[in-house]
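Data block for upload_37.txt (compact mmCIF, C-alpha atoms):
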# COMPACT_ATOMS: atom_id res chain seq x y z
CA MET A 1 -0.69 -0.11 2.88
CA ARG A 2 -1.86 -3.61 3.57
CA SER A 3 1.27 -5.50 4.39
CA LYS A 4 0.56 -7.98 7.18
CA ARG A 5 -1.34 -5.92 5.13
CA THR A 6 -0.39 -5.70 2.52
CA ARG A 7 -0.67 -5.07 2.00
CA VAL A 8 -0.57 -3.56 2.82
CA VAL A 9 0.48 -3.34 2.56
CA ALA A 10 0.18 -3.03 2.12
CA GLY A 11 0.18 -2.88 2.17
CA ILE A 12 1.29 -3.53 2.18
CA ALA A 13 0.50 -3.69 2.76
CA ALA A 14 -3.47 -5.03 2.72
CA PRO A 15 -5.93 -7.14 4.71
CA VAL A 16 -9.14 -6.77 2.77
CA LEU A 17 -7.43 -7.82 -0.44
CA ALA A 18 -5.32 -10.65 0.92
CA MET A 19 -8.01 -13.29 0.51
CA GLY A 20 -7.43 -17.01 0.58
CA LEU A 21 -7.82 -18.54 -2.84
CA ALA A 22 -8.67 -22.21 -2.71
CA ALA A 23 -7.31 -24.01 -5.78
CA CYS A 24 -6.47 -20.65 -7.30
CA SER A 25 -2.99 -21.69 -8.37
CA GLY A 26 -4.00 -25.02 -9.78
CA ALA A 27 -2.01 -28.23 -9.53
CA GLY A 28 1.45 -27.62 -8.21
CA GLY A 29 0.66 -23.96 -7.72
CA LYS A 30 0.59 -23.35 -11.47
CA SER A 31 -2.05 -21.95 -13.75
CA GLY A 32 -2.66 -19.33 -16.36
CA GLY A 33 -0.97 -21.16 -19.19
CA GLY A 34 -2.95 -22.62 -22.01
CA GLY A 35 -2.28 -22.59 -25.70
CA SER A 36 0.80 -23.74 -27.54
CA SER A 37 3.85 -21.83 -26.44
CA GLY A 38 6.37 -23.37 -28.79
CA GLY A 39 8.53 -24.12 -25.77
CA HIS A 40 8.40 -20.56 -24.40
CA SER A 41 7.27 -20.32 -20.79
CA ILE A 42 7.96 -18.26 -17.68
CA LYS A 43 7.31 -18.74 -13.98
CA VAL A 44 5.63 -15.97 -12.00
CA LEU A 45 5.51 -15.77 -8.19
CA MET A 46 2.47 -13.73 -7.20
CA VAL A 47 0.48 -12.52 -4.20
CA ASN A 48 -3.08 -13.83 -4.00
CA ASN A 49 -4.94 -10.51 -4.21
CA PRO A 50 -8.11 -10.20 -6.33
CA GLN A 51 -6.41 -8.10 -9.02
CA MET A 52 -3.93 -10.94 -9.56
CA VAL A 53 -6.75 -13.48 -9.75
CA ASP A 54 -8.19 -11.45 -12.61
CA LEU A 55 -4.79 -11.48 -14.30
CA GLN A 56 -4.72 -15.27 -14.18
CA LYS A 57 -8.13 -15.44 -15.82
CA LEU A 58 -7.04 -13.23 -18.69
CA THR A 59 -3.51 -14.53 -19.33
CA ALA A 60 -4.10 -17.48 -21.65
CA ALA A 61 -6.67 -15.83 -23.93
CA ASN A 62 -4.69 -12.60 -24.20
CA PHE A 63 -0.98 -12.67 -23.39
CA THR A 64 -0.28 -16.31 -24.32
CA LYS A 65 -2.41 -16.07 -27.45
CA GLN A 66 -0.56 -12.94 -28.57
CA THR A 67 2.99 -13.98 -27.68
CA GLY A 68 3.03 -17.80 -27.50
CA ILE A 69 4.49 -17.56 -24.00
CA THR A 70 2.91 -19.79 -21.34
CA VAL A 71 2.80 -18.33 -17.84
CA ASN A 72 3.02 -20.68 -14.86
CA TYR A 73 1.82 -18.93 -11.72
CA THR A 74 2.65 -19.74 -8.11
CA VAL A 75 0.14 -17.85 -5.97
CA LEU A 76 0.60 -17.34 -2.22
CA PRO A 77 -0.87 -15.29 0.64
CA GLU A 78 1.05 -12.09 1.26
CA ASN A 79 3.18 -13.14 4.22
CA ASP A 80 4.08 -16.43 2.51
CA LEU A 81 4.80 -14.56 -0.71
CA ARG A 82 7.23 -12.23 1.05
CA ASP A 83 9.05 -15.15 2.70
CA LYS A 84 9.24 -17.10 -0.57
CA ALA A 85 10.42 -14.07 -2.56
CA SER A 86 13.10 -13.27 0.02
CA GLN A 87 14.44 -16.82 -0.14
CA GLU A 88 14.27 -16.98 -3.93
CA PHE A 89 15.81 -13.63 -4.75
CA SER A 90 18.52 -13.71 -2.08
CA SER A 91 19.70 -17.13 -3.29
CA GLN A 92 19.26 -16.23 -6.98
CA ALA A 93 18.02 -19.76 -7.54
CA GLY A 94 16.38 -18.82 -10.82
CA GLN A 95 13.25 -20.81 -9.98
CA TYR A 96 11.07 -17.83 -10.90
CA ASP A 97 11.38 -15.23 -13.62
CA VAL A 98 8.97 -12.60 -12.32
CA ALA A 99 7.53 -11.80 -8.90
CA THR A 100 5.14 -9.30 -7.39
CA LEU A 101 7.19 -7.13 -5.05
CA SER A 102 6.25 -3.86 -3.38
CA ASN A 103 8.00 -0.52 -3.22
CA PHE A 104 9.22 -1.68 0.19
CA GLU A 105 11.32 -4.58 -1.16
CA ILE A 106 12.39 -3.32 -4.58
CA PRO A 107 14.87 -0.60 -3.47
CA PHE A 108 17.00 -2.91 -1.32
CA TYR A 109 16.53 -5.94 -3.56
CA SER A 110 17.98 -3.87 -6.39
CA LYS A 111 20.80 -2.62 -4.15
CA ASN A 112 21.67 -6.24 -3.37
CA GLY A 113 21.88 -7.04 -7.06
CA TRP A 114 18.91 -9.41 -7.04
CA LEU A 115 16.86 -7.73 -9.79
CA ALA A 116 17.25 -7.20 -13.50
CA ASN A 117 16.61 -3.60 -14.50
CA LEU A 118 13.58 -2.80 -16.65
CA ASP A 119 15.12 0.09 -18.55
CA SER A 120 14.26 -1.45 -21.91
CA ILE A 121 10.57 -1.46 -20.97
CA ALA A 122 10.77 2.14 -19.80
CA ALA A 123 12.36 3.11 -23.12
CA ASP A 124 9.63 1.39 -25.16
CA LYS A 125 7.38 4.15 -26.50
CA THR A 126 4.43 1.78 -26.83
CA PHE A 127 4.60 1.07 -23.08
CA ASN A 128 4.61 4.82 -22.37
CA GLN A 129 6.54 5.10 -19.11
CA ALA A 130 5.63 8.79 -18.94
CA ASP A 131 2.03 7.71 -18.37
CA VAL A 132 3.01 5.92 -15.14
CA LEU A 133 2.41 8.17 -12.15
CA LYS A 134 5.67 9.87 -11.22
CA PRO A 135 5.69 8.81 -7.53
CA MET A 136 5.37 5.18 -8.64
CA THR A 137 8.28 5.40 -11.06
CA GLN A 138 10.30 7.25 -8.45
CA ALA A 139 9.63 4.63 -5.78
CA LEU A 140 10.71 1.81 -8.09
CA THR A 141 13.90 3.44 -9.38
CA ALA A 142 17.37 3.08 -7.85
CA ASN A 143 20.68 4.52 -9.03
CA GLY A 144 19.12 5.75 -12.24
CA HIS A 145 17.62 2.38 -13.23
CA LEU A 146 14.04 1.16 -13.10
CA TYR A 147 13.55 -2.15 -11.27
CA GLY A 148 9.77 -2.47 -11.04
CA GLU A 149 6.64 -1.68 -13.03
CA PRO A 150 3.50 -1.09 -10.93
CA PHE A 151 0.47 -3.33 -11.30
CA TYR A 152 -1.71 -1.18 -9.06
CA GLY A 153 -1.08 1.43 -6.42
CA GLU A 154 -2.55 3.34 -3.53
CA SER A 155 -2.05 6.27 -1.20
CA SER A 156 -4.10 7.23 1.86
CA PHE A 157 -6.90 9.71 2.48
CA LEU A 158 -9.61 10.60 4.97
CA MET A 159 -13.01 9.03 4.38
CA TYR A 160 -16.07 10.52 6.05
CA ARG A 161 -19.85 10.16 6.09
CA LYS A 162 -21.28 13.11 4.18
CA ASP A 163 -24.80 12.46 5.42
CA ILE A 164 -23.70 12.39 9.08
CA PHE A 165 -21.73 15.61 8.63
CA ALA A 166 -24.77 17.28 7.08
CA ALA A 167 -27.04 16.08 9.88
CA LYS A 168 -24.67 17.52 12.48
CA GLY A 169 -24.12 20.76 10.54
CA LEU A 170 -20.42 20.02 10.12
CA THR A 171 -18.14 20.71 7.15
CA MET A 172 -15.02 18.79 6.20
CA PRO A 173 -12.18 21.24 5.39
CA ALA A 174 -10.76 20.99 1.88
CA ASN A 175 -7.33 20.22 3.35
CA PRO A 176 -7.91 19.13 6.95
CA THR A 177 -5.33 19.30 9.71
CA TRP A 178 -5.12 16.64 12.38
CA ASP A 179 -6.25 19.16 14.98
CA GLN A 180 -9.39 19.81 12.93
CA VAL A 181 -9.99 16.08 12.55
CA ALA A 182 -9.73 15.59 16.32
CA THR A 183 -12.27 18.35 16.89
CA LEU A 184 -14.63 16.81 14.35
CA ALA A 185 -14.22 13.35 15.87
CA ALA A 186 -15.33 14.65 19.26
CA LYS A 187 -18.43 16.24 17.74
CA LEU A 188 -19.26 13.08 15.78
CA ASP A 189 -19.25 10.70 18.74
CA GLY A 190 -22.82 9.44 19.09
CA ALA A 191 -23.99 11.14 15.88
CA ALA A 192 -25.79 7.86 15.17
CA PRO A 193 -26.53 5.05 17.63
CA GLY A 194 -23.26 3.42 18.66
CA MET A 195 -21.21 5.60 16.30
CA LYS A 196 -17.70 6.78 17.16
CA GLY A 197 -15.93 9.74 15.60
CA ILE A 198 -13.09 8.01 13.76
CA CYS A 199 -11.44 4.68 12.98
CA LEU A 200 -7.64 4.41 13.10
CA ARG A 201 -5.65 1.20 12.95
CA GLY A 202 -4.34 -0.06 16.27
CA GLN A 203 -3.48 -3.63 15.35
CA THR A 204 0.07 -4.89 15.75
CA GLY A 205 2.10 -4.96 12.53
CA TRP A 206 4.54 -2.75 10.63
CA GLY A 207 1.93 -2.67 7.88
CA GLN A 208 -0.97 -2.19 10.31
CA VAL A 209 -0.81 0.47 13.05
CA LEU A 210 2.58 1.79 11.94
CA ALA A 211 1.35 2.61 8.43
CA PRO A 212 -1.06 5.42 9.40
CA LEU A 213 0.90 6.35 12.54
CA THR A 214 4.13 6.95 10.62
CA THR A 215 2.36 9.37 8.28
CA VAL A 216 1.17 11.28 11.35
CA VAL A 217 4.73 11.29 12.69
CA ASN A 218 5.98 12.67 9.36
CA THR A 219 3.53 15.54 9.27
CA PHE A 220 4.11 16.38 12.95
CA GLY A 221 7.77 16.88 12.06
CA GLY A 222 9.12 13.55 13.31
CA THR A 223 11.09 10.74 11.69
CA TRP A 224 12.33 7.26 12.60
CA PHE A 225 15.94 8.22 11.82
CA ASP A 226 17.86 11.39 11.09
CA LYS A 227 20.12 11.47 8.04
CA ASP A 228 22.98 9.86 10.02
CA TRP A 229 20.90 6.87 11.18
CA ASN A 230 20.37 8.15 14.70
CA ALA A 231 16.99 6.86 15.92
CA GLN A 232 14.54 9.68 16.69
CA VAL A 233 11.68 7.67 18.20
CA THR A 234 11.81 9.48 21.54
CA SER A 235 12.19 12.93 19.97
CA PRO A 236 9.59 15.58 20.93
CA GLU A 237 8.00 15.45 17.47
CA PHE A 238 7.68 11.64 17.32
CA THR A 239 6.38 11.62 20.88
CA ALA A 240 3.82 14.36 20.20
CA ALA A 241 2.54 12.55 17.10
CA THR A 242 2.20 9.22 18.89
CA ASN A 243 0.50 10.75 21.91
CA PHE A 244 -1.92 12.52 19.57
CA TYR A 245 -2.71 9.32 17.65
CA VAL A 246 -3.12 7.15 20.76
CA ASN A 247 -5.21 9.73 22.61
CA LEU A 248 -7.44 10.32 19.58
CA VAL A 249 -8.22 6.67 19.02
CA LYS A 250 -8.70 6.02 22.76
CA ALA A 251 -11.09 8.99 23.16
CA HIS A 252 -13.04 8.91 19.91
CA GLY A 253 -11.97 5.78 18.06
CA GLU A 254 -13.58 2.45 17.32
CA ALA A 255 -14.33 -0.24 19.88
CA GLY A 256 -11.48 -2.73 20.23
CA ALA A 257 -9.05 -0.33 18.56
CA ALA A 258 -5.94 -2.27 19.65
CA GLN A 259 -7.14 -5.21 17.54
CA ALA A 260 -8.43 -3.16 14.61
CA GLY A 261 -6.63 -3.21 11.28
CA PHE A 262 -7.66 -2.35 7.75
CA THR A 263 -10.39 -4.99 7.55
CA GLU A 264 -11.91 -4.15 10.91
CA CYS A 265 -12.05 -0.43 10.11
CA LEU A 266 -13.58 -1.18 6.71
CA ASN A 267 -16.29 -3.21 8.40
CA ASP A 268 -16.90 -0.48 10.99
CA MET A 269 -17.23 2.16 8.27
CA GLU A 270 -19.64 0.02 6.26
CA GLN A 271 -21.71 -0.78 9.36
CA SER A 272 -22.00 2.91 10.40
CA LYS A 273 -19.99 2.34 13.57
CA VAL A 274 -17.63 5.23 12.73
CA ALA A 275 -18.10 8.58 10.99
CA MET A 276 -14.54 8.99 9.68
CA TRP A 277 -11.70 6.69 8.69
CA TYR A 278 -8.13 7.50 7.70
CA ASP A 279 -6.63 4.69 5.60
CA ALA A 280 -5.74 3.39 2.14
CA THR A 281 -7.33 4.88 -0.97
CA SER A 282 -8.03 1.33 -2.16
CA ALA A 283 -10.73 1.07 0.53
CA ALA A 284 -12.99 3.33 -1.53
CA GLY A 285 -13.70 0.59 -4.05
CA SER A 286 -15.30 -1.51 -1.31
CA LEU A 287 -17.17 1.39 0.27
CA GLU A 288 -18.67 2.36 -3.09
CA GLY A 289 -19.10 -1.17 -4.37
CA SER A 290 -22.29 -2.99 -5.18
CA GLY A 291 -24.07 -3.97 -2.00
CA SER A 292 -22.20 -1.58 0.27
CA PRO A 293 -24.67 0.01 2.74
CA VAL A 294 -22.73 3.30 2.63
CA ALA A 295 -22.26 3.60 -1.14
CA GLY A 296 -22.85 7.21 -2.19
CA LYS A 297 -22.70 8.44 1.42
CA VAL A 298 -18.93 8.77 1.75
CA GLY A 299 -16.76 11.79 1.03
CA TYR A 300 -13.00 11.75 0.48
CA ALA A 301 -10.55 14.37 1.77
CA PRO A 302 -6.74 14.53 1.58
CA ALA A 303 -4.69 12.88 4.31
CA PRO A 304 -4.66 15.27 7.29
CA VAL A 305 -1.55 17.38 7.80
CA GLN A 306 0.18 19.39 10.48
CA LYS A 307 3.57 20.76 9.35
CA THR A 308 3.74 19.31 5.83
CA LYS A 309 1.71 20.09 2.72
CA SER A 310 0.67 16.45 2.27
CA SER A 311 0.97 13.26 4.27
CA GLY A 312 -0.57 10.42 2.26
CA TRP A 313 1.46 7.23 1.99
CA LEU A 314 2.51 5.38 -1.17
CA TYR A 315 2.24 1.67 -1.86
CA THR A 316 2.28 -0.48 -4.95
CA TRP A 317 2.44 -4.11 -5.92
CA ALA A 318 4.84 -4.11 -8.83
CA TRP A 319 6.36 -6.60 -11.26
CA ALA A 320 10.07 -7.33 -10.86
CA VAL A 321 12.34 -9.66 -12.83
CA GLU A 322 14.85 -11.87 -11.03
CA LYS A 323 18.39 -11.24 -12.20
CA ALA A 324 19.01 -15.00 -12.35
CA SER A 325 16.11 -15.52 -14.76
CA LYS A 326 17.14 -17.41 -17.89
CA ASP A 327 14.13 -16.05 -19.78
CA GLN A 328 14.46 -12.31 -19.22
CA SER A 329 13.25 -11.40 -22.69
CA ASP A 330 10.00 -13.31 -22.19
CA ALA A 331 9.76 -12.00 -18.63
CA ASP A 332 10.04 -8.43 -19.93
CA LYS A 333 7.24 -9.10 -22.39
CA PHE A 334 5.01 -10.31 -19.57
CA VAL A 335 5.77 -7.27 -17.42
CA SER A 336 5.12 -4.95 -20.38
CA TRP A 337 1.70 -6.54 -20.85
CA ALA A 338 0.66 -6.86 -17.20
CA ALA A 339 1.56 -3.23 -16.40
CA SER A 340 0.16 -1.73 -19.58
CA SER A 341 -2.83 0.48 -20.25
CA GLU A 342 -3.90 -2.13 -22.80
CA TYR A 343 -4.21 -4.68 -20.00
CA GLU A 344 -6.39 -2.26 -18.04
CA SER A 345 -8.68 -2.01 -21.06
CA GLU A 346 -8.89 -5.80 -21.29
CA VAL A 347 -9.96 -5.96 -17.64
CA GLY A 348 -12.52 -3.21 -18.11
CA LYS A 349 -14.07 -4.74 -21.19
CA GLN A 350 -14.04 -8.35 -20.04
CA LEU A 351 -14.50 -8.13 -16.27
CA GLY A 352 -15.86 -4.63 -15.59
CA TRP A 353 -14.21 -1.24 -15.19
CA ALA A 354 -14.51 -1.25 -11.41
CA ARG A 355 -12.00 -4.13 -11.38
CA VAL A 356 -9.27 -2.29 -13.26
CA PRO A 357 -5.95 -2.39 -11.31
CA ALA A 358 -5.78 1.38 -10.96
CA GLY A 359 -3.54 3.80 -9.14
CA LYS A 360 -0.58 3.63 -11.50
CA ARG A 361 -1.31 5.47 -14.78
CA THR A 362 -2.46 8.99 -15.52
CA SER A 363 -4.51 7.79 -18.50
CA THR A 364 -6.68 5.63 -16.23
CA TYR A 365 -8.12 8.78 -14.68
CA SER A 366 -9.05 10.29 -18.03
CA ASN A 367 -10.69 7.09 -19.26
CA PRO A 368 -14.44 7.89 -19.22
CA ASP A 369 -15.40 4.25 -18.65
CA TYR A 370 -13.23 3.97 -15.55
CA VAL A 371 -14.10 7.41 -14.21
CA LYS A 372 -17.80 6.62 -14.52
CA SER A 373 -17.37 3.50 -12.38
CA ALA A 374 -15.24 5.33 -9.79
CA THR A 375 -16.78 8.82 -9.82
CA ALA A 376 -16.75 9.28 -6.05
CA PHE A 377 -13.09 8.50 -5.46
CA ALA A 378 -11.13 8.55 -8.74
CA LYS A 379 -9.94 12.16 -8.51
CA PRO A 380 -9.15 12.09 -4.76
CA THR A 381 -7.17 8.88 -5.27
CA LEU A 382 -5.16 10.34 -8.14
CA ALA A 383 -4.50 13.49 -6.13
CA ALA A 384 -3.35 11.48 -3.12
CA ILE A 385 -0.93 9.34 -5.11
CA SER A 386 0.39 12.30 -7.08
CA ALA A 387 1.13 14.24 -3.88
CA ALA A 388 3.06 11.38 -2.25
CA ASN A 389 6.80 11.94 -1.97
CA PRO A 390 8.66 8.81 -0.79
CA THR A 391 12.07 10.51 -0.75
CA ASN A 392 11.01 13.60 1.19
CA PRO A 393 7.84 12.88 3.22
CA GLY A 394 8.65 15.03 6.23
CA VAL A 395 10.49 18.18 7.26
CA GLN A 396 14.06 16.84 7.44
CA PRO A 397 16.47 14.71 5.34
CA ARG A 398 16.03 10.94 5.64
CA PRO A 399 18.68 8.23 5.24
CA ALA A 400 16.31 5.90 3.36
CA PRO A 401 13.16 6.34 1.26
CA GLY A 402 9.68 5.49 2.47
CA ILE A 403 6.60 7.30 3.76
CA GLN A 404 4.77 4.78 5.94
CA PHE A 405 7.87 2.62 6.40
CA VAL A 406 11.65 2.87 6.51
CA ASP A 407 12.96 1.11 3.42
CA ILE A 408 15.45 -1.25 5.02
CA PRO A 409 15.01 -5.00 5.58
CA GLU A 410 15.29 -4.59 9.35
CA PHE A 411 12.10 -2.54 9.50
CA THR A 412 9.96 -5.66 9.21
CA ASP A 413 11.41 -6.86 12.52
CA PHE A 414 11.89 -3.76 14.64
CA GLY A 415 8.81 -2.12 13.15
CA THR A 416 6.63 -5.07 14.08
CA GLN A 417 8.04 -5.14 17.61
CA ALA A 418 7.56 -1.38 17.96
CA SER A 419 3.99 -1.71 16.73
CA THR A 420 3.27 -4.16 19.54
CA PHE A 421 4.37 -1.61 22.12
CA ILE A 422 2.19 1.09 20.56
CA SER A 423 -0.78 -1.25 20.25
CA ASN A 424 -0.38 -2.00 23.95
CA ALA A 425 -0.45 1.75 24.65
CA ILE A 426 -3.72 2.03 22.73
CA ALA A 427 -5.08 -0.84 24.83
CA GLY A 428 -4.04 1.01 28.00
CA GLN A 429 -1.52 -1.65 28.99
CA THR A 430 1.51 0.65 28.85
CA SER A 431 2.34 4.33 28.44
CA VAL A 432 3.33 5.98 25.19
CA SER A 433 6.58 7.08 26.82
CA LYS A 434 7.54 3.51 27.73
CA ALA A 435 6.44 2.18 24.33
CA LEU A 436 8.60 4.70 22.48
CA SER A 437 11.56 4.12 24.77
CA GLN A 438 11.46 0.43 23.93
CA ALA A 439 11.04 1.17 20.22
CA GLN A 440 13.94 3.65 20.30
CA ALA A 441 16.35 0.94 21.45
CA LEU A 442 15.25 -1.44 18.71
CA ALA A 443 15.47 1.22 16.02
CA GLN A 444 18.93 2.32 17.11
CA THR A 445 20.21 -1.26 16.95
CA ALA A 446 19.03 -1.40 13.33
CA GLY A 447 20.38 2.07 12.55
CA ASN A 448 23.83 1.19 13.85
CA LYS A 449 24.25 -1.26 10.98
CA TYR A 450 24.07 1.59 8.50
CA LYS A 451 26.13 4.26 10.23
CA GLY A 452 29.08 5.39 8.15
CA LYS A 453 27.90 3.52 5.07
The structure given in the file should be rewritten as structure tokens.
Amino acid sequence: MRSKRTRVVAGIAAPVLAMGLAACSGAGGKSGGGGSSGGHSIKVLMVNNPQMVDLQKLTAANFTKQTGITVNYTVLPENDLRDKASQEFSSQAGQYDVATLSNFEIPFYSKNGWLANLDSIAADKTFNQADVLKPMTQALTANGHLYGEPFYGESSFLMYRKDIFAAKGLTMPANPTWDQVATLAAKLDGAAPGMKGICLRGQTGWGQVLAPLTTVVNTFGGTWFDKDWNAQVTSPEFTAATNFYVNLVKAHGEAGAAQAGFTECLNDMEQSKVAMWYDATSAAGSLEGSGSPVAGKVGYAPAPVQKTKSSGWLYTWAWAVEKASKDQSDADKFVSWAASSEYESEVGKQLGWARVPAGKRTSTYSNPDYVKSATAFAKPTLAAISAANPTNPGVQPRPAPGIQFVDIPEFTDFGTQASTFISNAIAGQTSVSKALSQAQALAQTAGNKYKGK
């Protein structure tokens, strides 16, 4: 996820993708139109990731030409996008018809009545909803209705230097445990000049250090909340997972770990400063891309586990339609195009198959053109996404969906504060026990709002 990421995200979400785009949105933040629309136009609020830049380039000559609908884009960096979307959708101002939202926002936006459902798109046989990866559809569905269509998606996996492993006589297990990863990290320290065993995010942010850490908590048997909204941050399982993570990155992790996020770990992996890296599947495109010094040298293993069968996260930037939109029919047509397999083909043919917004459709991974461009990581990525279970990621019932986050609005606040405490523990400025005690209080304050509801 590269949020703060983004981003990833994410998150979500996701730092390496959240590039500044000078003049990308054109005058007034609008672009992507062109052609005669006969008066039909829609407004799309969109994050400024590279996949969306490609969409802008292809809109006029493809979507507008086919439908007569002009698309006016407003393109913003991820944090600004989230703030703008929250203001717009909560007020139902109707200024935008479509927005890029993640599987973090869509569940509670839909619960608040801010989104129009996309059931008509899902029922359209030409769109082929069954082709959309099941975890993606599941993450974007609430109360039996679909509220988002994914543009691209990701999970997480373990990346490692095959050549370094071979030189050290080491073998990556087919399904590694975290204990095995820790043992390998110790053996890989110093395998090349200045090389450390593993890179793990330590940077403050609910979409930075908490993204990988929460997956470790899940597989160690922990959870942020039990089913009754009682915070479990100081539980034995949560504590064991956090101690493991902090100790691993302090003993065998990258230099400056407390300031390292997605981008920093990507750079360390490319510069041979680390032998392993646990993070987003979307990182593989950069590692295997043209000009990467480690292209062809990286292997990909499932996210390490402890008590669960899988532990990879799930994140997607998806298209959602504002309920207040006065042009929902045209908005639906745009979503149907932008999330379609046909759009993926247009990207592949016109811009190159490596730039396809993947991670959302089964058919992408049987397309020989795409598979050829992503041979090293296509199957591991598909496996990671397919194994993700946002409603049941751990060993106990949860009160809200989410793998690397808790899907409530309050998580952005208490999660970010909690991440600061944990980042400080990685930096040696506080103990894990004190960090979790502080986080427990914040989480319980948030959980109290939901008790009995």
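Interatomic distance, CA of Val75 (chain A) to CA of Leu45 (chain A): 6.2 Å.
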Point (13.7, -14.2, -13.4), cut-off 12 Å, counting all atoms listed in the file, residues as a ChimeraX atom specification: /A:41-45,85,88-89,92-100,114-118,319-332,334-335
Fewer than 4 positions away in the same chain doesn't count, so skip those; otherwise give me all residues within 12 Å of Ala443 (chain A), counting all atoms listed in the file, as number ranges by chain. A: 223-226, 229-234, 406, 408, 410-419, 436-439, 447-450
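When only C-alpha atoms are used to compute distances to Thr381 (chain A), the closest of the residues A:Gln203, A:Asn218, A:Thr364, A:Ser341 turns out to be A:Thr364.
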Residues near region 291-293 of chain A, anyone? I mean within 10 Å using only C-alpha atoms, not counting same-chain ones fewer than 4 positions away, as a PyMOL selection string. chain A and resi 269-272+285-287+297
Can you tell me which residues surround Asn62 (chain A) at a distance of at most 12 Å, considering only C-alpha atoms, apart from same-chain residues fewer than 2 positions away, and format the answer as JSON, numbers by chain? {"A": [32, 33, 34, 35, 55, 56, 57, 58, 59, 60, 64, 65, 66, 67, 68, 69, 70, 71, 334, 337, 338, 342, 343, 345, 346, 347, 350]}
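For the set A:Lys372, A:Glu105, A:Asp228, A:Leu382, the residue with the smallest atom-to-atom gap to Pro399 (chain A) is A:Asp228, counting only C-alpha atoms.
Residue nearest Gly394 (chain A), chosen from A:His145, A:Arg355, A:Lys307, A:Lys360 and counting all atoms listed in the file: A:Lys307.
Distance check against Thr126 (chain A) using only C-alpha atoms: of A:Thr171, A:Asn79, A:Asn143, A:Ser336, the minimum falls on A:Ser336.
Near Thr137 (chain A), within 10 Å and counting all atoms listed in the file, sit Asn103, Ala122, Gln129, Ala130, Asp131, Val132, Leu133, Lys134, Pro135, Ala139, Leu140, Thr141, Ala142, Leu146, Tyr147, Gly148, Glu149, Pro150 and Lys360 of chain A; same-chain residues fewer than 2 positions away were not included.
If all atoms listed in the file are the atoms counted, then among A:Ser373, A:Asn72, A:Thr420, A:Gln404 the closest residue to Gly205 (chain A) is A:Thr420.
Between CA of Gly144 (chain A) and CA of Asp119 (chain A) there is a distance of 9.4 Å.
For the set A:Tyr152, A:Trp317, A:Trp277, A:Phe405, the residue with the smallest atom-to-atom gap to Ala260 (chain A) is A:Trp277, counting all atoms listed in the file.
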Would you mind listing what lies within 10 Å of Ala182 (chain A) as a list in words, with only C-alpha atoms counted and same-chain residues fewer than 6 positions away left out? Leu188, Gly197, Ile198, Phe244, Tyr245, Asn247, Leu248, Val249, Ala251 and His252 of chain A
